[in-house]
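Text of target.txt, listed as compact mmCIF, C-alpha atoms and all ligand atoms:
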```
# COMPACT_ATOMS: atom_id res chain seq x y z
CA MET I 45 64.51 136.98 122.20
CA THR I 46 61.88 134.41 122.97
CA HIS I 47 62.35 131.20 121.02
CA ARG I 48 59.67 128.71 121.93
CA HIS I 49 60.68 126.01 119.47
CA ARG I 50 63.59 124.74 121.49
CA LEU I 51 64.13 121.98 124.01
CA LEU I 52 66.87 122.09 126.60
CA LEU I 53 68.65 118.74 126.90
CA VAL I 54 70.51 118.45 130.20
CA ASN I 55 72.94 115.68 131.09
CA GLY I 56 74.48 115.65 134.55
CA PRO I 57 77.64 114.35 136.19
CA ASN I 58 79.70 111.61 134.54
CA LEU I 59 77.52 111.40 131.46
CA ASN I 60 80.34 113.00 129.46
CA LEU I 61 82.08 109.62 129.85
CA LEU I 62 79.34 107.64 128.10
CA GLY I 63 80.80 105.17 125.66
CA THR I 64 83.54 104.07 128.01
CA ARG I 65 81.80 104.36 131.38
CA GLU I 66 80.57 100.98 132.67
CA PRO I 67 79.42 99.85 129.20
CA GLU I 68 77.71 96.81 130.75
CA VAL I 69 75.34 99.24 132.50
CA TYR I 70 75.18 102.23 130.16
CA GLY I 71 76.06 100.75 126.75
CA THR I 72 78.61 102.06 124.27
CA VAL I 73 76.72 104.99 122.82
CA THR I 74 78.46 108.32 123.45
CA LEU I 75 77.00 111.58 124.72
CA ALA I 76 77.54 113.05 121.24
CA ASP I 77 75.43 110.19 119.79
CA ILE I 78 72.66 110.90 122.33
CA GLU I 79 72.69 114.63 121.62
CA LYS I 80 72.47 113.87 117.89
CA LEU I 81 69.57 111.45 118.40
CA ALA I 82 67.69 114.05 120.44
CA THR I 83 68.41 116.76 117.88
CA VAL I 84 67.28 114.64 114.92
CA THR I 85 64.13 113.53 116.77
CA ALA I 86 63.30 117.10 117.76
CA ALA I 87 63.81 118.31 114.19
CA GLU I 88 61.16 115.83 113.02
CA HIS I 89 58.75 117.85 115.16
CA GLY I 90 60.00 121.29 114.18
CA LEU I 91 61.98 121.80 117.37
CA ASP I 92 65.64 122.42 117.96
CA VAL I 93 67.76 121.38 120.92
CA ARG I 94 70.27 123.14 123.14
CA ALA I 95 72.36 120.37 124.67
CA VAL I 96 74.32 120.93 127.86
CA GLN I 97 76.31 118.59 130.05
CA SER I 98 78.08 119.48 133.27
CA ASN I 99 79.64 117.73 136.21
CA HIS I 100 78.73 120.75 138.38
CA GLU I 101 75.35 121.11 140.04
CA GLY I 102 75.37 124.93 139.99
CA VAL I 103 76.10 125.03 136.26
CA LEU I 104 73.14 122.72 135.64
CA ILE I 105 70.91 124.97 137.77
CA ASP I 106 72.02 128.05 135.80
CA GLU I 107 71.27 126.27 132.53
CA ILE I 108 67.82 125.27 133.77
CA HIS I 109 67.15 128.90 134.75
CA ASN I 110 68.26 130.09 131.30
CA ALA I 111 65.68 127.80 129.68
CA ARG I 112 63.01 130.15 131.01
CA ASN I 113 63.93 132.63 128.31
CA ASP I 114 63.85 130.52 125.18
CA CYS I 115 62.77 126.90 125.68
CA CYS I 116 59.43 125.10 125.65
CA GLY I 117 60.52 122.01 127.60
CA ILE I 118 63.41 120.27 129.35
CA VAL I 119 64.73 116.73 128.86
CA ILE I 120 67.01 115.88 131.75
CA ASN I 121 69.18 113.01 132.86
CA PRO I 122 70.54 114.37 136.14
CA GLY I 123 72.87 111.40 136.70
CA ALA I 124 73.51 110.77 140.38
CA LEU I 125 72.05 114.20 141.23
CA THR I 126 68.70 112.53 140.55
CA HIS I 127 68.96 110.87 143.93
CA THR I 128 70.44 113.74 145.96
CA SER I 129 69.55 117.16 144.59
CA ILE I 130 66.57 119.05 145.92
CA ALA I 131 68.18 122.11 144.29
CA ILE I 132 67.85 120.64 140.78
CA ALA I 133 64.24 119.67 141.47
CA ASP I 134 63.53 123.19 142.79
CA ALA I 135 65.12 124.78 139.71
CA LEU I 136 62.94 122.63 137.45
CA SER I 137 59.82 123.66 139.39
CA ALA I 138 60.84 127.31 139.33
CA VAL I 139 61.07 127.60 135.56
CA ASN I 140 57.61 126.17 135.05
CA LEU I 141 58.36 124.22 131.86
CA PRO I 142 57.35 120.62 131.10
CA VAL I 143 60.09 118.22 132.20
CA ALA I 144 60.90 114.74 130.87
CA GLU I 145 63.30 112.72 133.07
CA VAL I 146 65.50 110.13 131.40
CA HIS I 147 67.73 107.36 132.75
CA LEU I 148 69.63 105.05 130.47
CA SER I 149 69.49 102.27 133.03
CA ASN I 150 66.47 100.98 134.92
CA ILE I 151 67.23 102.68 138.23
CA HIS I 152 64.57 100.56 139.96
CA ARG I 153 66.42 97.35 139.20
CA ARG I 154 69.68 98.67 140.65
CA GLU I 155 70.95 99.58 144.14
CA PRO I 156 68.29 100.85 146.58
CA PHE I 157 69.89 104.32 146.73
CA ARG I 158 68.99 104.76 143.04
CA HIS I 159 65.32 103.98 143.54
CA HIS I 160 64.29 107.44 144.71
CA SER I 161 64.36 110.45 142.39
CA TYR I 162 63.75 114.00 143.60
CA VAL I 163 63.23 114.98 139.97
CA SER I 164 60.34 112.58 139.31
CA ALA I 165 58.08 114.65 141.57
CA VAL I 166 58.40 117.58 139.17
CA ALA I 167 58.55 115.62 135.88
CA GLU I 168 55.66 115.13 133.47
CA MET I 169 57.11 111.81 132.36
CA VAL I 170 59.92 109.47 133.34
CA VAL I 171 61.68 106.89 131.20
CA ALA I 172 64.23 104.52 132.68
CA GLY I 173 65.92 101.47 131.22
CA ALA I 174 65.24 102.18 127.56
CA GLY I 175 68.84 103.18 126.83
CA PRO I 176 69.43 106.04 124.38
CA GLU I 177 65.98 105.49 122.87
CA GLY I 178 64.59 106.94 126.12
CA TYR I 179 65.87 110.37 125.07
CA ALA I 180 64.03 110.11 121.75
CA ALA I 181 60.85 109.08 123.61
CA ALA I 182 61.23 112.06 125.95
CA VAL I 183 61.70 114.46 123.04
CA ARG I 184 58.66 113.02 121.24
CA TYR I 185 56.59 113.33 124.41
CA LEU I 186 57.45 116.99 124.90
CA ALA I 187 57.01 117.72 121.18
CA GLN I 188 53.46 116.37 121.30
CA GLY I 189 52.51 118.80 124.03
CA HIS I 190 54.10 121.64 122.13
CA THR I 191 51.78 124.16 120.54
CA PRO I 192 53.54 125.99 117.72
C1 LIG I 201 71.63 107.35 135.42
C2 LIG I 201 71.34 106.53 136.68
C3 LIG I 201 71.96 107.18 137.91
O1 LIG I 201 71.69 106.42 139.07
C4 LIG I 201 73.47 107.28 137.75
O2 LIG I 201 74.03 107.94 138.86
C5 LIG I 201 73.86 107.93 136.47
C6 LIG I 201 73.12 107.62 135.25
C7 LIG I 201 71.16 106.62 134.15
O3 LIG I 201 71.13 107.27 133.10
O4 LIG I 201 70.84 105.43 134.18
O5 LIG I 201 74.83 108.69 136.42
O6 LIG I 201 70.94 108.58 135.52
```
The structure given in the file should be rewritten as structure tokens.
Amino acid sequence: MTHRHRLLLVNGPNLNLLGTREPEVYGTVTLADIEKLATVTAAEHGLDVRAVQSNHEGVLIDEIHNARNDCCGIVINPGALTHTSIAIADALSAVNLPVAEVHLSNIHRREPFRHHSYVSAVAEMVVAGAGPEGYAAAVRYLAQGHTP
């Protein structure tokens, strides 16, 4: 059944370890906290959220494909796949939904290999360096473009 009041929230490799992973870079907020923030923010706009996290590129691609059936937008933090995966970028293009790309850290202030994102070329908006609040901003952005 088509359900166009839903956002897909995708978190990629290693983001399941948020809270303990390099807290000096990523902070101490957990993935569960981030999923809750996104869900609460979406609810303020009449949207719900399906949150997925995987360490496996193919699983993420399958989840992006599934969004075609019941979502009106995708918020994605692809983790390191940001910088390597043409396949994730192609999947996002293929489903033809608005995409908001999120990075907890400011990738442009870090190592040069983090400066390029394949996903940015297919994203409507990008937020980097705002911490967890970036997810809320991404949700609000997609909610504004949403026509009920
Ligand atoms: C990240 C930045 C990436 O470079 C890194 O590989 C991550 C997290 C971020 O949220 O800042 O896993 O996407």
Between atom CA of I:His152 and atom CA of I:His109, what is the spacing in Å?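 For atom CA of I:His109 relative to atom CA of I:His152, the distance reads 28.9 Å.
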What's the 7 Å shell around stretch 53-60 of chain I, counting all atoms listed in the file, without same-chain residues fewer than 2 positions away, as a PDB file with C-alpha atoms, in the frame of the given file?
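Output (out07.pdb):
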```
ATOM      1  CA  LEU I  51      64.130 121.980 124.010  1.00  0.00           C
ATOM      2  CA  LEU I  62      79.340 107.640 128.100  1.00  0.00           C
ATOM      3  CA  LEU I  75      77.000 111.580 124.720  1.00  0.00           C
ATOM      4  CA  VAL I  93      67.760 121.380 120.920  1.00  0.00           C
ATOM      5  CA  ARG I  94      70.270 123.140 123.140  1.00  0.00           C
ATOM      6  CA  ALA I  95      72.360 120.370 124.670  1.00  0.00           C
ATOM      7  CA  VAL I  96      74.320 120.930 127.860  1.00  0.00           C
ATOM      8  CA  GLN I  97      76.310 118.590 130.050  1.00  0.00           C
ATOM      9  CA  SER I  98      78.080 119.480 133.270  1.00  0.00           C
ATOM     10  CA  ASN I  99      79.640 117.730 136.210  1.00  0.00           C
ATOM     11  CA  HIS I 100      78.730 120.750 138.380  1.00  0.00           C
ATOM     12  CA  ILE I 118      63.410 120.270 129.350  1.00  0.00           C
ATOM     13  CA  VAL I 119      64.730 116.730 128.860  1.00  0.00           C
ATOM     14  CA  ILE I 120      67.010 115.880 131.750  1.00  0.00           C
ATOM     15  CA  ASN I 121      69.180 113.010 132.860  1.00  0.00           C
ATOM     16  CA  PRO I 122      70.540 114.370 136.140  1.00  0.00           C
ATOM     17  CA  GLY I 123      72.870 111.400 136.700  1.00  0.00           C
ATOM     18  CA  ALA I 124      73.510 110.770 140.380  1.00  0.00           C
TER      19      ALA I 124
END
```
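The two atoms in question, atom CA of I:Gly71 and atom CA of I:Gly175, are spaced 7.6 Å apart.
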Nearest candidate to I:Asp77 (options I:Asp92, I:Glu168, I:Glu101, I:Glu177; using all atoms listed in the file):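 The shortest atom-to-atom distance to I:Asp77 comes from I:Glu177.
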Would you mind listing what lies within 7 Å of I:Gly117 as a list in words, with only C-alpha atoms counted and same-chain residues fewer than 6 positions away left out?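 Those residues are Leu51, Leu52, Leu141, Pro142, Val143 and Leu186 of chain I.
Across the structure, atom CA of I:Ser149 and atom CA of I:Glu79 are spaced 17.1 Å apart.
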I'd like to know which of I:Val103, I:Thr83, I:Tyr70, I:Leu148 is closest to I:Ala174, using only C-alpha atoms.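 When distances to I:Ala174 are compared using only C-alpha atoms, the smallest one comes from I:Leu148.
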With only C-alpha atoms as the basis for distance, which of I:Ala76, I:Ile151, I:Asn113, I:Ala86 is at the shortest distance from I:Leu61? I:Ala76
Taking all atoms listed in the file into account, which of I:Gln188, I:Asn150, I:Thr128, I:Asn140 comes nearest I:Tyr162? I:Thr128
Which residue is closest to ligand LIG 201 (chain I)? Choose from I:His49, I:His89, I:Arg154, I:Arg184 and count only C-alpha atoms and all ligand atoms. I:Arg154
Please determine the residues with any atom at most 12 Å from (58.6, 112.1, 138.6) (coordinates as given in the file, with only C-alpha atoms counting) and report them as a ChimeraX atom specification. /I:120,126-127,133,136-137,142-147,159-172
Could you check the closest approach to I:Arg153 for each of I:Asn110, I:Gly173, I:Gly102, I:Ser129 and tell me which residue wins, using only C-alpha atoms?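 Among I:Asn110, I:Gly173, I:Gly102, I:Ser129, it is I:Gly173 that comes nearest to I:Arg153.
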Using 3 Å of padding on each side, determine the axis-aligned box around all atoms of stretch 126-131 of chain I present in the file and give its centre and edge lengths in Å to one decimal, as AutoDock Vina command-line options.
```
--center_x 68.5 --center_y 116.5 --center_z 143.3 --size_x 9.9 --size_y 17.2 --size_z 11.4
```
Missing atoms in stretch 53-86 of chain I: fill them in up to N, CA and C atoms and send the result as a PDB file, keeping the file's coordinate frame.
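Okay, this is what ended up in out_1.pdb:
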```pdb
ATOM      1  N   LEU I  53      68.247 120.100 126.541  1.00  0.00           N
ATOM      2  CA  LEU I  53      68.650 118.740 126.900  1.00  0.00           C
ATOM      3  C   LEU I  53      69.778 118.845 127.914  1.00  0.00           C
ATOM      4  N   VAL I  54      69.535 118.338 129.115  1.00  0.00           N
ATOM      5  CA  VAL I  54      70.510 118.450 130.200  1.00  0.00           C
ATOM      6  C   VAL I  54      71.022 117.065 130.582  1.00  0.00           C
ATOM      7  N   ASN I  55      72.326 116.904 130.577  1.00  0.00           N
ATOM      8  CA  ASN I  55      72.940 115.680 131.090  1.00  0.00           C
ATOM      9  C   ASN I  55      73.878 116.041 132.239  1.00  0.00           C
ATOM     10  N   GLY I  56      73.747 115.323 133.334  1.00  0.00           N
ATOM     11  CA  GLY I  56      74.480 115.650 134.550  1.00  0.00           C
ATOM     12  C   GLY I  56      75.802 114.924 134.683  1.00  0.00           C
ATOM     13  N   PRO I  57      76.305 114.852 135.904  1.00  0.00           N
ATOM     14  CA  PRO I  57      77.640 114.350 136.190  1.00  0.00           C
ATOM     15  C   PRO I  57      77.927 112.964 135.587  1.00  0.00           C
ATOM     16  N   ASN I  58      79.125 112.862 135.056  1.00  0.00           N
ATOM     17  CA  ASN I  58      79.700 111.610 134.540  1.00  0.00           C
ATOM     18  C   ASN I  58      79.142 111.154 133.198  1.00  0.00           C
ATOM     19  N   LEU I  59      78.108 111.826 132.729  1.00  0.00           N
ATOM     20  CA  LEU I  59      77.520 111.400 131.460  1.00  0.00           C
ATOM     21  C   LEU I  59      78.380 111.816 130.267  1.00  0.00           C
ATOM     22  N   ASN I  60      79.353 112.698 130.492  1.00  0.00           N
ATOM     23  CA  ASN I  60      80.340 113.000 129.460  1.00  0.00           C
ATOM     24  C   ASN I  60      81.209 111.771 129.137  1.00  0.00           C
ATOM     25  N   LEU I  61      81.247 110.813 130.054  1.00  0.00           N
ATOM     26  CA  LEU I  61      82.080 109.620 129.850  1.00  0.00           C
ATOM     27  C   LEU I  61      81.344 108.470 129.172  1.00  0.00           C
ATOM     28  N   LEU I  62      80.101 108.715 128.766  1.00  0.00           N
ATOM     29  CA  LEU I  62      79.340 107.640 128.100  1.00  0.00           C
ATOM     30  C   LEU I  62      80.124 107.115 126.905  1.00  0.00           C
ATOM     31  N   GLY I  63      80.025 105.817 126.720  1.00  0.00           N
ATOM     32  CA  GLY I  63      80.800 105.170 125.660  1.00  0.00           C
ATOM     33  C   GLY I  63      81.871 104.291 126.274  1.00  0.00           C
ATOM     34  N   THR I  64      82.511 104.855 127.320  1.00  0.00           N
ATOM     35  CA  THR I  64      83.540 104.070 128.010  1.00  0.00           C
ATOM     36  C   THR I  64      83.164 103.776 129.451  1.00  0.00           C
ATOM     37  N   ARG I  65      82.173 104.515 129.979  1.00  0.00           N
ATOM     38  CA  ARG I  65      81.800 104.360 131.380  1.00  0.00           C
ATOM     39  C   ARG I  65      80.910 103.132 131.561  1.00  0.00           C
ATOM     40  N   GLU I  66      81.364 102.172 132.348  1.00  0.00           N
ATOM     41  CA  GLU I  66      80.570 100.980 132.670  1.00  0.00           C
ATOM     42  C   GLU I  66      79.662 100.560 131.502  1.00  0.00           C
ATOM     43  N   PRO I  67      80.255 100.161 130.373  1.00  0.00           N
ATOM     44  CA  PRO I  67      79.420  99.850 129.200  1.00  0.00           C
ATOM     45  C   PRO I  67      78.392  98.749 129.463  1.00  0.00           C
ATOM     46  N   GLU I  68      78.678  97.875 130.447  1.00  0.00           N
ATOM     47  CA  GLU I  68      77.710  96.810 130.750  1.00  0.00           C
ATOM     48  C   GLU I  68      76.432  97.382 131.373  1.00  0.00           C
ATOM     49  N   VAL I  69      76.533  98.583 131.933  1.00  0.00           N
ATOM     50  CA  VAL I  69      75.340  99.240 132.500  1.00  0.00           C
ATOM     51  C   VAL I  69      74.762 100.257 131.521  1.00  0.00           C
ATOM     52  N   TYR I  70      75.641 101.066 130.923  1.00  0.00           N
ATOM     53  CA  TYR I  70      75.180 102.230 130.160  1.00  0.00           C
ATOM     54  C   TYR I  70      75.314 102.074 128.650  1.00  0.00           C
ATOM     55  N   GLY I  71      75.903 100.947 128.184  1.00  0.00           N
ATOM     56  CA  GLY I  71      76.060 100.750 126.750  1.00  0.00           C
ATOM     57  C   GLY I  71      77.278 101.484 126.214  1.00  0.00           C
ATOM     58  N   THR I  72      77.402 101.492 124.895  1.00  0.00           N
ATOM     59  CA  THR I  72      78.610 102.060 124.270  1.00  0.00           C
ATOM     60  C   THR I  72      78.325 103.338 123.486  1.00  0.00           C
ATOM     61  N   VAL I  73      77.094 103.748 123.508  1.00  0.00           N
ATOM     62  CA  VAL I  73      76.720 104.990 122.820  1.00  0.00           C
ATOM     63  C   VAL I  73      77.330 106.174 123.564  1.00  0.00           C
ATOM     64  N   THR I  74      77.832 107.151 122.811  1.00  0.00           N
ATOM     65  CA  THR I  74      78.460 108.320 123.450  1.00  0.00           C
ATOM     66  C   THR I  74      77.436 109.429 123.697  1.00  0.00           C
ATOM     67  N   LEU I  75      77.871 110.418 124.481  1.00  0.00           N
ATOM     68  CA  LEU I  75      77.000 111.580 124.720  1.00  0.00           C
ATOM     69  C   LEU I  75      76.722 112.304 123.406  1.00  0.00           C
ATOM     70  N   ALA I  76      77.736 112.395 122.546  1.00  0.00           N
ATOM     71  CA  ALA I  76      77.540 113.050 121.240  1.00  0.00           C
ATOM     72  C   ALA I  76      76.457 112.321 120.446  1.00  0.00           C
ATOM     73  N   ASP I  77      76.469 110.976 120.493  1.00  0.00           N
ATOM     74  CA  ASP I  77      75.430 110.190 119.790  1.00  0.00           C
ATOM     75  C   ASP I  77      74.045 110.523 120.344  1.00  0.00           C
ATOM     76  N   ILE I  78      73.955 110.630 121.674  1.00  0.00           N
ATOM     77  CA  ILE I  78      72.660 110.900 122.330  1.00  0.00           C
ATOM     78  C   ILE I  78      72.168 112.303 121.965  1.00  0.00           C
ATOM     79  N   GLU I  79      73.089 113.253 121.957  1.00  0.00           N
ATOM     80  CA  GLU I  79      72.690 114.630 121.620  1.00  0.00           C
ATOM     81  C   GLU I  79      72.220 114.690 120.163  1.00  0.00           C
ATOM     82  N   LYS I  80      72.873 113.905 119.302  1.00  0.00           N
ATOM     83  CA  LYS I  80      72.470 113.870 117.890  1.00  0.00           C
ATOM     84  C   LYS I  80      71.087 113.230 117.746  1.00  0.00           C
ATOM     85  N   LEU I  81      70.877 112.121 118.452  1.00  0.00           N
ATOM     86  CA  LEU I  81      69.570 111.450 118.400  1.00  0.00           C
ATOM     87  C   LEU I  81      68.464 112.406 118.851  1.00  0.00           C
ATOM     88  N   ALA I  82      68.702 113.116 119.937  1.00  0.00           N
ATOM     89  CA  ALA I  82      67.690 114.050 120.440  1.00  0.00           C
ATOM     90  C   ALA I  82      67.449 115.176 119.443  1.00  0.00           C
ATOM     91  N   THR I  83      68.523 115.654 118.826  1.00  0.00           N
ATOM     92  CA  THR I  83      68.410 116.760 117.880  1.00  0.00           C
ATOM     93  C   THR I  83      67.637 116.338 116.630  1.00  0.00           C
ATOM     94  N   VAL I  84      67.954 115.150 116.121  1.00  0.00           N
ATOM     95  CA  VAL I  84      67.280 114.640 114.920  1.00  0.00           C
ATOM     96  C   VAL I  84      65.794 114.389 115.218  1.00  0.00           C
ATOM     97  N   THR I  85      65.520 113.813 116.382  1.00  0.00           N
ATOM     98  CA  THR I  85      64.130 113.530 116.770  1.00  0.00           C
ATOM     99  C   THR I  85      63.352 114.824 116.921  1.00  0.00           C
ATOM    100  N   ALA I  86      63.965 115.810 117.564  1.00  0.00           N
ATOM    101  CA  ALA I  86      63.300 117.100 117.760  1.00  0.00           C
ATOM    102  C   ALA I  86      63.005 117.768 116.416  1.00  0.00           C
TER     103      ALA I  86
END
```
